[in-house]
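J.: The structure's right below; bear with me while I get my questions together.
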Protein chains: 2
Amino acid sequence: MGRIKIGHKSGAATASASDANSTIKDVARLAGVSIKTVSRVINNEANVTEAMRKKVQDAIRRCDYVPNRSARSLAGRRSFLIGLFYERQNSSYITRIQAGVLAYCRQEGYELLIHPFGRGNESVLPEIEKVVHRSNLDGVILTPYFSEWVQLLDFLDGIKLPYARVTAVRDDLRSPFVSCDDFDAAFRMTKYLIALGHRRIGFIKGHPRHNSATERHAGYVAAMEAEGIAVSPDFVTQGDYSFVSGEAGGRALLDSGAGVTAIFASNDDMAAGALRMAHQRKLVIPDDISIVGFDDADIARKLWPALTTVRQPVRELAAQASALLISSLREDGQEQEKMQRLLPLEIIIRESAGRAP
Amino acid sequence: MGRIKIGHKSGAATASASDANSTIKDVARLAGVSIKTVSRVINNEANVTEAMRKKVQDAIRRCDYVPNRSARSLAGRRSFLIGLFYERQNSSYITRIQAGVLAYCRQEGYELLIHPFGRGNESVLPEIEKVVHRSNLDGVILTPYFSEWVQLLDFLDGIKLPYARVTAVRDDLRSPFVSCDDFDAAFRMTKYLIALGHRRIGFIKGHPRHNSATERHAGYVAAMEAEGIAVSPDFVTQGDYSFVSGEAGGRALLDSGAGVTAIFASNDDMAAGALRMAHQRKLVIPDDISIVGFDDADIARKLWPALTTVRQPVRELAAQASALLISSLREDGQEQEKMQRLLPLEIIIRESAGRAP
DNA sequence: CGTTGAATTGACAACGGTGTCAATCGTGAG
DNA sequence: CTCACGATTGACACCGTTGTCAATTCAACG
């Protein structure tokens with residue numbers, strides 16, 4: 001098992017060593033050099049003449065040679081494995097993150113090990129320690145909430161395991177991260193609602209542990225204040241990014257008597273929950289009430305009415321985080337380039353927000 | 001990188017070899033045996049006295065020893081890597097599949113490499129070949145459509161790469177698979193609609209390449225016929241399991257003049273699309289029209305009204321497929337137990353289906 | 001043309017396990 | 001009590017690569 005032969009058409013009729021699962025020795029023999037030289041070429045090391053490099057690369061191609069990861073990892077200090085740690089949750093988000101990471105990693109010769117962890121539960125730290133101990137990862141990619149969990153970051157720093165983060169924070173420079181300006185997007189979204197004539201705008205906060213929750217809320221508050229609208233305590237409820245918390249938040253807002261004409265949920269799942277509550281109360285959206293979300297998850301387009309929301313470039317975020325991680329793996333302590341990136345957020349106008357009644 | 005030390009509290013105050021990243025040699029020394037014996041214990045081989053086994057296991061525990069996967073894989077013939085091949089699509093389904101596979105694999109000492117492939121595109125076969133060639137997998141798990149793609153199965157059989165499938169087919173015994181009786185569930189769901197008084201029941205078919213599409217459709221037809229209801233061609237439209245195809249199917253059914261009072265979509269995404277179309281036409285669901293789906297995807301609960309659907313035990317399906325795969329990896333050609341499993345499907349009654357108007 | 005030092009290349013020992021096969025142990029038969 | 005034989009254990013080569021360090025080559029210089 002695991003030993004694979006793949007059919008292969010060799011153009012030339014000459015006897016060729018190219019069959020399957022060739023090793024570095026085959027390549028060396030074919031190129032007439034030592035295996036160490038082949039190794040140098042594979043690893044793109046300096047001090048190899050251009051002629052030699054070409055000759056070896058040619059042999060590699062002719063053999064259809066792929067270095068054995070186990071052997072490399074055993075002999076070298078690298079495992080070529082990177083881990084993706086995330087909370088078991090929103091599948092749309094995670095699928096996109098995975099896609100972004102995979103696209104970049106595979107192309108760079110790294111394999112990805114996904115590691116979903118139970119939600120919330122502070123007991124996941126020892127679990128993570130165990131995983132890290134067992135898996136021999138070269139580095140990891142962290143998504144919220146893990147990317148903002150100081151204890152975890154400390155742990156990773158402690159064992160000197162490189163990591164890159166996807167996060168909503170902008171001020172922590174301890175390690176590479178990719179981010180979006182959630183504050184600004186929430187600010188703009190709120191302005192948009194205000195421009196539609198809404199004054200009494202409800203807000204459902206995200207999970208308090210997530211930086212994004214804080215940022216988005218702050219953006220909402222800032223926009224309200226910028227327009228001189230007082231944010232009544234009745235306007236904001238605490239959610240946790242889950243659908244059911246969106247239902248609860250929506251119910252609270254709808255029944256509070258605050259008379260909100262719009263609800264800004266901190267993510268699409270909660271917006272879906274609020275939407276459901278509005279429907280249950282026979283409200284017409286957006287005529288009676290506007291509801292907007294954040295993330296542009298898959299569900300946003302599938303709801304009725306389709307959600308006006310903020311598009312997060314999730315896949316790109318993950319790809320960039322992978323890029324940062326892998327480049328920091330390569331530089332290995334050299335002077336590293338900027339290790340933060342900021343990606344733009346875009347407001348997507350669909351059907352769920354309209355003029356205030 | 002990748003070299004990790006984990007803090008560890010040793011109970012006894014005696015000098016102990018237990019620190020971090022111990023190797024088989026450390027264990028052997030501590031237990032006072034040869035490394036080969038330790039290897040035997042790790043691999044659960046026969047011909048080791050119980051006393052010896054206990055002694056070694058104790059040493060392993062005291063060292064906090066974890067075998068190095070690269071070394072094992074280099075020396076042995078196994079890589080301890082299994083691949084999961086799937087079409088890039090429905091994230092809810094995939095996330096659950098991953099969870100099921102991970103839960104089983106990790107516990108059995110295997111790591112999972114996920115491999116999403118572009119949808120449809122027949123050119124993925126060479127892509128898959130490349131992946132298999134590079135990744136040195138011990139086995140793979142296939143989900144639809146891959147699990148039903150004869151060319152791919154032939155390829156895997158050809159290179160003798162073990163695989164297990166999650167599929168809706170029941171008659172192909174070429175290799176291990178886990179399945180559900182989609183026909184029966186569709187039959188029951190249709191009966192349920194009929195029992196609610198519906199006669200003119202529309203049906204949106206799934207992607208023709210998927211066996212599940214055929215099975216579900218056949219179940220629908222059988223139930224209609226069993227009740228003596230003619231299936232007018234106007235009742236059924238072709239979809240492809242995507243949301244937009246559900247919209248199109250819903251539109252066709254709603255506007256055809258066939259006067260359907262219920263729509264049975266072959267999956268939840270398409271049901272969501274049909275639901276959206278119904279909303280757009282200001283129909284009240286389920287008063288004016290009933291809409292049901294299949295799968296019990298995440299979205300089913302989040303829609304308004306929540307979808308009556310068929311629950312697929314996706315996670316369990318994947319876990320069982322992993323179990324079959326790993327056990328076939330172990331037996332390595334021995335007399336293997338039954339290599340097929342059938343899991344039950346359950347109708348989940350929510351809000352989107354009601355009595356015929 | 002010999003010398004020097006840097007650039008290039010190669011020989012060989014790891015890396016941490018498993019496979020093979022020989023050595024040792026224990027037990028019942030003779 | 002000795003011997004044969006199966007069960008148990010160990011010694012050692014080897015898996016395919018990288019790291020180390022020595023050998024060789026090359027170019028420029030005196």
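Chain lettering (A, B, ...) mirrors the order of the structure tokens, residue numbering begins at 1 for each chain separately, and ligand numbering begins at 1 in order of display.
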Report as a Markdown table: every residue of chain C with an atom at most 7 Å from chain B, its closest pair of atoms, and their distance in Å to one decimal, counting only C-alpha atoms (C1' of nucleotides), with rows sorted by chain and ascending residue number.

T.:
| residue | atom | partner | partner_atom | distance |
| --- | --- | --- | --- | --- |
| C:DG16 | C1' | B:Ala71 | CA | 5.0 |
| C:DG17 | C1' | B:Ala71 | CA | 4.7 |
| C:DT18 | C1' | B:Ala75 | CA | 5.1 |

J.: Now that the selection is made, can you save its residues with C-alpha atoms (C1' of nucleotides) as a CSV table (one decimal), in the first residue's frame?

T.:
chain,number,residue,atom,x,y,z
C,16,DG,C1',14.0,6.7,14.1
C,17,DG,C1',11.9,3.2,13.1
C,18,DT,C1',10.9,-2.0,10.7

J.: Using only C-alpha atoms, I'd like a table of the residues in chain A that come within 7 Å of chain B; for each, show the closest atom pair and its distance in Å rounded to one decimal, ordered by chain and ascending number, as a Markdown table.

T.:
| residue | atom | partner | partner_atom | distance |
| --- | --- | --- | --- | --- |
| A:Met1 | CA | B:Asp138 | CA | 5.4 |
| A:Gly2 | CA | B:Asp138 | CA | 4.7 |
| A:Arg3 | CA | B:Asn136 | CA | 6.8 |
| A:Ile4 | CA | B:Ile159 | CA | 6.0 |
| A:Lys5 | CA | B:Ile159 | CA | 6.3 |
| A:Val66 | CA | B:Arg134 | CA | 6.4 |
| A:Ser70 | CA | B:Ser70 | CA | 4.3 |
| A:Ala71 | CA | B:Leu74 | CA | 6.0 |
| A:Ser73 | CA | B:Ser70 | CA | 6.3 |
| A:Leu74 | CA | B:Ser70 | CA | 5.7 |
| A:Arg77 | CA | B:Met1 | CA | 6.9 |
| A:Arg78 | CA | B:Gly2 | CA | 6.5 |
| A:Ser79 | CA | B:Gly2 | CA | 6.9 |
| A:Ser91 | CA | B:Ser92 | CA | 5.5 |
| A:Ser92 | CA | B:Ser91 | CA | 5.5 |
| A:Thr95 | CA | B:Ser91 | CA | 5.9 |
| A:Leu112 | CA | B:Leu113 | CA | 6.5 |
| A:Leu113 | CA | B:Leu113 | CA | 6.3 |
| A:His133 | CA | B:Ile4 | CA | 6.4 |
| A:Arg134 | CA | B:Val66 | CA | 6.4 |
| A:Asn136 | CA | B:Gly2 | CA | 5.0 |
| A:Leu137 | CA | B:Gly2 | CA | 5.1 |
| A:Asp138 | CA | B:Gly2 | CA | 4.7 |
| A:Ile159 | CA | B:Ile4 | CA | 5.9 |
| A:Leu161 | CA | B:Met1 | CA | 6.1 |
| A:Ala272 | CA | B:Lys302 | CA | 6.4 |
| A:Gly273 | CA | B:Lys302 | CA | 6.8 |
| A:Arg276 | CA | B:Trp304 | CA | 5.7 |
| A:Lys302 | CA | B:Ala272 | CA | 6.4 |
| A:Leu303 | CA | B:Leu303 | CA | 6.5 |
| A:Trp304 | CA | B:Arg276 | CA | 5.7 |

J.: Which neighbours of segment 19-27 of chain C fall inside 8 Å, counting only C-alpha atoms (C1' of nucleotides), when residues of the same chain fewer than 4 positions from it are skipped, and could you give them as a compact mmCIF listing (two decimals) with N, CA and C atoms (P, O5', C5', C4', C3', O3' and C1' of nucleotides), in the first residue's frame?

T.:
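Below is the file part.txt, written as the result:
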# COMPACT_ATOMS: atom_id res chain seq x y z
P DT D 8 5.31 -16.60 23.00
O5' DT D 8 6.73 -15.90 23.10
C5' DT D 8 7.53 -16.13 24.24
C4' DT D 8 8.88 -15.50 24.09
C3' DT D 8 8.91 -13.98 23.91
O3' DT D 8 9.54 -13.46 25.07
C1' DT D 8 10.49 -15.06 22.49
P DT D 9 9.68 -11.87 25.28
O5' DT D 9 11.06 -11.57 24.56
C5' DT D 9 12.27 -12.02 25.17
C4' DT D 9 13.45 -11.70 24.28
C3' DT D 9 13.63 -10.24 23.94
O3' DT D 9 14.78 -9.77 24.63
C1' DT D 9 14.06 -11.67 22.07
P DG D 10 15.34 -8.27 24.42
O5' DG D 10 16.43 -8.50 23.31
C5' DG D 10 17.42 -9.50 23.52
C4' DG D 10 18.38 -9.53 22.35
C3' DG D 10 18.91 -8.16 21.92
O3' DG D 10 20.29 -8.31 21.61
C1' DG D 10 17.89 -9.23 20.07

J.: Identify all chain D residues at most 10 Å from chain A by counting only C-alpha atoms (C1' of nucleotides); ligands do not count. Present them as JSON, numbers by chain.

T.: {"D": [15, 16, 17, 18, 19]}

J.: Write to file, as a short mmCIF file (atom, residue, chain, number, x, y, z; two decimals), in the first residue's frame, the residues of the selection just made, with N, CA and C atoms (P, O5', C5', C4', C3', O3' and C1' of nucleotides).

T.:
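Just written: selection33.cif:
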data_model
loop_
_atom_site.label_atom_id
_atom_site.label_comp_id
_atom_site.auth_asym_id
_atom_site.auth_seq_id
_atom_site.Cartn_x
_atom_site.Cartn_y
_atom_site.Cartn_z
P DC D 15 17.58 -0.18 1.26
"O5'" DC D 15 16.27 0.69 1.47
"C5'" DC D 15 15.03 0.10 1.87
"C4'" DC D 15 14.15 1.20 2.43
"C3'" DC D 15 14.46 2.54 1.78
"O3'" DC D 15 13.45 2.82 0.81
"C1'" DC D 15 14.32 2.71 4.19
P DG D 16 13.93 3.36 -0.63
"O5'" DG D 16 14.10 4.93 -0.38
"C5'" DG D 16 12.96 5.66 0.01
"C4'" DG D 16 13.38 7.06 0.37
"C3'" DG D 16 14.19 7.76 -0.71
"O3'" DG D 16 13.75 9.10 -0.74
"C1'" DG D 16 15.40 7.73 1.30
P DT D 17 14.27 10.12 -1.85
"O5'" DT D 17 15.11 11.17 -1.00
"C5'" DT D 17 14.52 12.20 -0.34
"C4'" DT D 17 15.20 12.50 1.00
"C3'" DT D 17 16.27 13.57 0.96
"O3'" DT D 17 15.65 14.84 1.16
"C1'" DT D 17 16.76 11.82 2.54
P DT D 18 16.55 16.16 0.97
"O5'" DT D 18 17.35 16.27 2.35
"C5'" DT D 18 16.63 16.49 3.56
"C4'" DT D 18 17.62 16.60 4.70
"C3'" DT D 18 18.60 17.77 4.60
"O3'" DT D 18 18.75 18.29 5.92
"C1'" DT D 18 19.81 15.76 4.76
P DG D 19 19.54 19.64 6.16
"O5'" DG D 19 20.83 19.11 6.93
"C5'" DG D 19 20.69 18.48 8.19
"C4'" DG D 19 22.05 18.20 8.79
"C3'" DG D 19 23.04 19.37 8.70
"O3'" DG D 19 23.78 19.43 9.92
"C1'" DG D 19 23.92 17.49 7.52
#

J.: Looking at C:DT8, C:DG28, C:DT3, C:DC15, which one is nearest to DG6 of chain D, with distances taken over only C-alpha atoms (C1' of nucleotides)?

T.: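 The answer is C:DG28, which sits nearest to DG6 of chain D.
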
J.: I need the alpha helix (DSSP H) residues of segment 184-309 of chain A per DSSP on the backbone, written as a PyMOL selection string.

T.: chain A and resi 184-195+211-226+243-255+268-280+298-302

J.: With C-alpha atoms kept, could you save the residues just selected as a PDB file, in the first residue's frame?

T.:
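That gives us out22.pdb:
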ATOM      1  CA  ASP A 184     -14.627  50.183   9.431  1.00  0.00           C
ATOM      2  CA  ALA A 185     -16.946  47.777   7.629  1.00  0.00           C
ATOM      3  CA  ALA A 186     -19.397  47.805  10.513  1.00  0.00           C
ATOM      4  CA  PHE A 187     -19.143  51.568  10.538  1.00  0.00           C
ATOM      5  CA  ARG A 188     -19.967  51.745   6.855  1.00  0.00           C
ATOM      6  CA  MET A 189     -22.770  49.235   7.112  1.00  0.00           C
ATOM      7  CA  THR A 190     -24.352  51.194   9.912  1.00  0.00           C
ATOM      8  CA  LYS A 191     -23.998  54.401   7.916  1.00  0.00           C
ATOM      9  CA  TYR A 192     -25.685  52.631   5.051  1.00  0.00           C
ATOM     10  CA  LEU A 193     -28.651  51.753   7.224  1.00  0.00           C
ATOM     11  CA  ILE A 194     -28.797  55.275   8.542  1.00  0.00           C
ATOM     12  CA  ALA A 195     -28.721  56.563   4.989  1.00  0.00           C
ATOM     13  CA  ASN A 211     -12.113  40.373  18.615  1.00  0.00           C
ATOM     14  CA  SER A 212     -14.331  40.697  15.603  1.00  0.00           C
ATOM     15  CA  ALA A 213     -17.315  40.981  17.932  1.00  0.00           C
ATOM     16  CA  THR A 214     -15.776  43.937  19.694  1.00  0.00           C
ATOM     17  CA  GLU A 215     -14.654  45.616  16.498  1.00  0.00           C
ATOM     18  CA  ARG A 216     -17.984  45.247  14.775  1.00  0.00           C
ATOM     19  CA  HIS A 217     -19.857  46.539  17.740  1.00  0.00           C
ATOM     20  CA  ALA A 218     -17.526  49.479  18.079  1.00  0.00           C
ATOM     21  CA  GLY A 219     -17.994  50.306  14.410  1.00  0.00           C
ATOM     22  CA  TYR A 220     -21.737  50.297  14.864  1.00  0.00           C
ATOM     23  CA  VAL A 221     -21.566  52.529  17.916  1.00  0.00           C
ATOM     24  CA  ALA A 222     -19.143  54.926  16.238  1.00  0.00           C
ATOM     25  CA  ALA A 223     -21.394  55.312  13.202  1.00  0.00           C
ATOM     26  CA  MET A 224     -24.441  55.924  15.343  1.00  0.00           C
ATOM     27  CA  GLU A 225     -22.632  58.528  17.359  1.00  0.00           C
ATOM     28  CA  ALA A 226     -21.189  60.103  14.267  1.00  0.00           C
ATOM     29  CA  PHE A 243     -27.933  30.794  14.736  1.00  0.00           C
ATOM     30  CA  VAL A 244     -29.921  30.230  17.913  1.00  0.00           C
ATOM     31  CA  SER A 245     -28.347  33.228  19.582  1.00  0.00           C
ATOM     32  CA  GLY A 246     -29.475  35.196  16.535  1.00  0.00           C
ATOM     33  CA  GLU A 247     -32.986  33.953  17.073  1.00  0.00           C
ATOM     34  CA  ALA A 248     -32.834  34.971  20.698  1.00  0.00           C
ATOM     35  CA  GLY A 249     -31.348  38.345  19.870  1.00  0.00           C
ATOM     36  CA  GLY A 250     -33.893  38.961  17.166  1.00  0.00           C
ATOM     37  CA  ARG A 251     -36.701  37.996  19.490  1.00  0.00           C
ATOM     38  CA  ALA A 252     -35.413  40.327  22.176  1.00  0.00           C
ATOM     39  CA  LEU A 253     -35.051  43.221  19.784  1.00  0.00           C
ATOM     40  CA  LEU A 254     -38.402  42.654  18.147  1.00  0.00           C
ATOM     41  CA  ASP A 255     -40.267  42.294  21.402  1.00  0.00           C
ATOM     42  CA  ASP A 268     -24.889  35.985   8.857  1.00  0.00           C
ATOM     43  CA  ASP A 269     -25.876  33.032  10.977  1.00  0.00           C
ATOM     44  CA  MET A 270     -27.302  35.342  13.601  1.00  0.00           C
ATOM     45  CA  ALA A 271     -28.912  37.454  10.917  1.00  0.00           C
ATOM     46  CA  ALA A 272     -30.592  34.274   9.690  1.00  0.00           C
ATOM     47  CA  GLY A 273     -31.869  33.676  13.195  1.00  0.00           C
ATOM     48  CA  ALA A 274     -33.204  37.205  13.487  1.00  0.00           C
ATOM     49  CA  LEU A 275     -34.744  36.911  10.048  1.00  0.00           C
ATOM     50  CA  ARG A 276     -36.500  33.775  11.123  1.00  0.00           C
ATOM     51  CA  MET A 277     -37.946  35.539  14.139  1.00  0.00           C
ATOM     52  CA  ALA A 278     -39.128  38.409  11.987  1.00  0.00           C
ATOM     53  CA  HIS A 279     -40.851  35.979   9.660  1.00  0.00           C
ATOM     54  CA  GLN A 280     -42.419  34.276  12.612  1.00  0.00           C
ATOM     55  CA  ASP A 298     -23.057  30.731   1.874  1.00  0.00           C
ATOM     56  CA  ILE A 299     -26.363  31.127   3.592  1.00  0.00           C
ATOM     57  CA  ALA A 300     -26.614  34.834   2.856  1.00  0.00           C
ATOM     58  CA  ARG A 301     -27.652  34.220  -0.728  1.00  0.00           C
ATOM     59  CA  LYS A 302     -29.972  31.360   0.124  1.00  0.00           C
TER      60      LYS A 302
END

J.: Go ahead and compute the interatomic distance for atom CA of Phe177 of chain A and atom CA of Ile128 of chain A, in Å to one decimal.

T.: 19.9 Å

J.: List every residue of segment 67-297 of chain B that DSSP, applied to the backbone of this structure, assigns to strand (DSSP E or B), and report them as a ChimeraX atom specification.

T.: /B:81-87,111-117,139-142,163-167,177-180,201-205,236-238,262-265,290-292,295

J.: Residues of the last selection are to be written out with N, CA and C atoms, as a short mmCIF file (atom, residue, chain, number, x, y, z; two decimals), in the first residue's frame.

T.:
data_model
loop_
_atom_site.label_atom_id
_atom_site.label_comp_id
_atom_site.auth_asym_id
_atom_site.auth_seq_id
_atom_site.Cartn_x
_atom_site.Cartn_y
_atom_site.Cartn_z
N LEU B 81 -1.19 7.68 6.41
CA LEU B 81 -1.90 8.83 5.86
C LEU B 81 -3.09 8.30 5.09
N ILE B 82 -4.26 8.86 5.34
CA ILE B 82 -5.35 8.50 4.46
C ILE B 82 -5.91 9.77 3.84
N GLY B 83 -6.36 9.63 2.62
CA GLY B 83 -6.84 10.79 1.87
C GLY B 83 -8.36 10.82 1.84
N LEU B 84 -8.88 12.02 1.80
CA LEU B 84 -10.33 12.18 1.62
C LEU B 84 -10.54 12.97 0.34
N PHE B 85 -11.13 12.33 -0.65
CA PHE B 85 -11.36 12.99 -1.94
C PHE B 85 -12.81 13.42 -2.02
N TYR B 86 -13.04 14.65 -2.38
CA TYR B 86 -14.43 15.07 -2.54
C TYR B 86 -14.54 16.24 -3.50
N GLU B 87 -15.73 16.40 -4.00
CA GLU B 87 -16.02 17.54 -4.85
C GLU B 87 -16.16 18.78 -4.00
N GLU B 111 -3.41 9.87 9.98
CA GLU B 111 -3.66 11.28 9.74
C GLU B 111 -4.46 11.42 8.45
N LEU B 112 -5.19 12.52 8.37
CA LEU B 112 -6.06 12.74 7.23
C LEU B 112 -5.55 13.86 6.34
N LEU B 113 -5.51 13.58 5.06
CA LEU B 113 -5.18 14.63 4.09
C LEU B 113 -6.42 14.90 3.27
N ILE B 114 -6.94 16.09 3.35
CA ILE B 114 -8.15 16.37 2.59
C ILE B 114 -7.79 16.84 1.18
N HIS B 115 -8.60 16.41 0.24
CA HIS B 115 -8.34 16.75 -1.15
C HIS B 115 -9.61 17.13 -1.89
N PRO B 116 -9.98 18.39 -1.79
CA PRO B 116 -11.12 18.86 -2.57
C PRO B 116 -10.71 18.98 -4.03
N PHE B 117 -11.61 18.63 -4.90
CA PHE B 117 -11.33 18.78 -6.32
C PHE B 117 -12.40 19.63 -6.98
N GLY B 139 -4.51 4.75 1.97
CA GLY B 139 -5.85 4.46 1.48
C GLY B 139 -6.62 5.75 1.34
N VAL B 140 -7.77 5.67 0.70
CA VAL B 140 -8.56 6.88 0.55
C VAL B 140 -10.03 6.61 0.84
N ILE B 141 -10.69 7.70 1.19
CA ILE B 141 -12.13 7.66 1.40
C ILE B 141 -12.78 8.52 0.33
N LEU B 142 -13.81 7.98 -0.25
CA LEU B 142 -14.45 8.63 -1.39
C LEU B 142 -15.89 8.99 -1.03
N TYR B 163 -9.51 1.60 -0.77
CA TYR B 163 -10.40 2.73 -0.56
C TYR B 163 -11.73 2.25 0.02
N ALA B 164 -12.42 3.18 0.67
CA ALA B 164 -13.76 2.89 1.16
C ALA B 164 -14.65 4.03 0.69
N ARG B 165 -15.92 3.70 0.49
CA ARG B 165 -16.81 4.69 -0.13
C ARG B 165 -18.04 5.01 0.70
N VAL B 166 -18.45 6.25 0.58
CA VAL B 166 -19.76 6.65 1.07
C VAL B 166 -20.58 6.84 -0.19
N THR B 167 -21.63 6.09 -0.33
CA THR B 167 -22.34 6.12 -1.59
C THR B 167 -23.80 5.72 -1.44
N PHE B 177 -18.00 -0.21 1.30
CA PHE B 177 -18.74 1.04 1.25
C PHE B 177 -19.79 1.12 2.36
N VAL B 178 -20.19 2.33 2.63
CA VAL B 178 -21.25 2.59 3.59
C VAL B 178 -22.34 3.32 2.83
N SER B 179 -23.55 2.97 3.12
CA SER B 179 -24.63 3.47 2.28
C SER B 179 -25.90 3.72 3.09
N CYS B 180 -26.83 4.40 2.46
CA CYS B 180 -28.15 4.58 3.05
C CYS B 180 -29.18 4.18 1.99
N ILE B 201 -47.52 16.46 -6.84
CA ILE B 201 -46.25 16.68 -6.15
C ILE B 201 -45.12 16.83 -7.16
N GLY B 202 -44.50 17.98 -7.12
CA GLY B 202 -43.38 18.21 -8.03
C GLY B 202 -42.10 17.60 -7.47
N PHE B 203 -41.16 17.34 -8.36
CA PHE B 203 -39.91 16.74 -7.92
C PHE B 203 -38.74 17.40 -8.66
N ILE B 204 -37.73 17.78 -7.91
CA ILE B 204 -36.54 18.34 -8.53
C ILE B 204 -35.42 17.32 -8.40
N LYS B 205 -34.96 16.82 -9.52
CA LYS B 205 -33.94 15.78 -9.50
C LYS B 205 -32.56 16.34 -9.16
N VAL B 236 -41.80 16.77 -12.85
CA VAL B 236 -40.38 16.63 -12.50
C VAL B 236 -39.45 17.44 -13.37
N THR B 237 -38.50 18.08 -12.69
CA THR B 237 -37.51 18.90 -13.39
C THR B 237 -36.12 18.43 -12.99
N GLN B 238 -35.20 18.72 -13.86
CA GLN B 238 -33.84 18.28 -13.62
C GLN B 238 -33.05 19.36 -12.88
N ALA B 262 -47.06 20.66 -3.80
CA ALA B 262 -45.89 20.32 -2.99
C ALA B 262 -44.71 20.11 -3.92
N ILE B 263 -43.53 20.42 -3.39
CA ILE B 263 -42.31 20.19 -4.16
C ILE B 263 -41.35 19.39 -3.28
N PHE B 264 -40.89 18.32 -3.86
CA PHE B 264 -39.90 17.48 -3.18
C PHE B 264 -38.58 17.71 -3.92
N ALA B 265 -37.68 18.42 -3.26
CA ALA B 265 -36.38 18.66 -3.87
C ALA B 265 -35.42 17.58 -3.39
N SER B 290 -46.24 23.16 -0.15
CA SER B 290 -45.29 22.49 0.74
C SER B 290 -43.99 22.27 -0.01
N ILE B 291 -42.89 22.39 0.70
CA ILE B 291 -41.59 22.16 0.08
C ILE B 291 -40.74 21.32 1.03
N VAL B 292 -40.25 20.22 0.55
CA VAL B 292 -39.39 19.40 1.41
C VAL B 292 -38.07 19.12 0.72
N ASP B 295 -31.39 15.50 3.15
CA ASP B 295 -30.01 15.63 3.68
C ASP B 295 -29.97 16.11 5.13
#

J.: Rounded to one decimal place, report the atom CA of Pro233 of chain B-atom CA of Val260 of chain B distance in Å.

T.: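 Separating atom CA of Pro233 of chain B from atom CA of Val260 of chain B is a distance of 11.9 Å.
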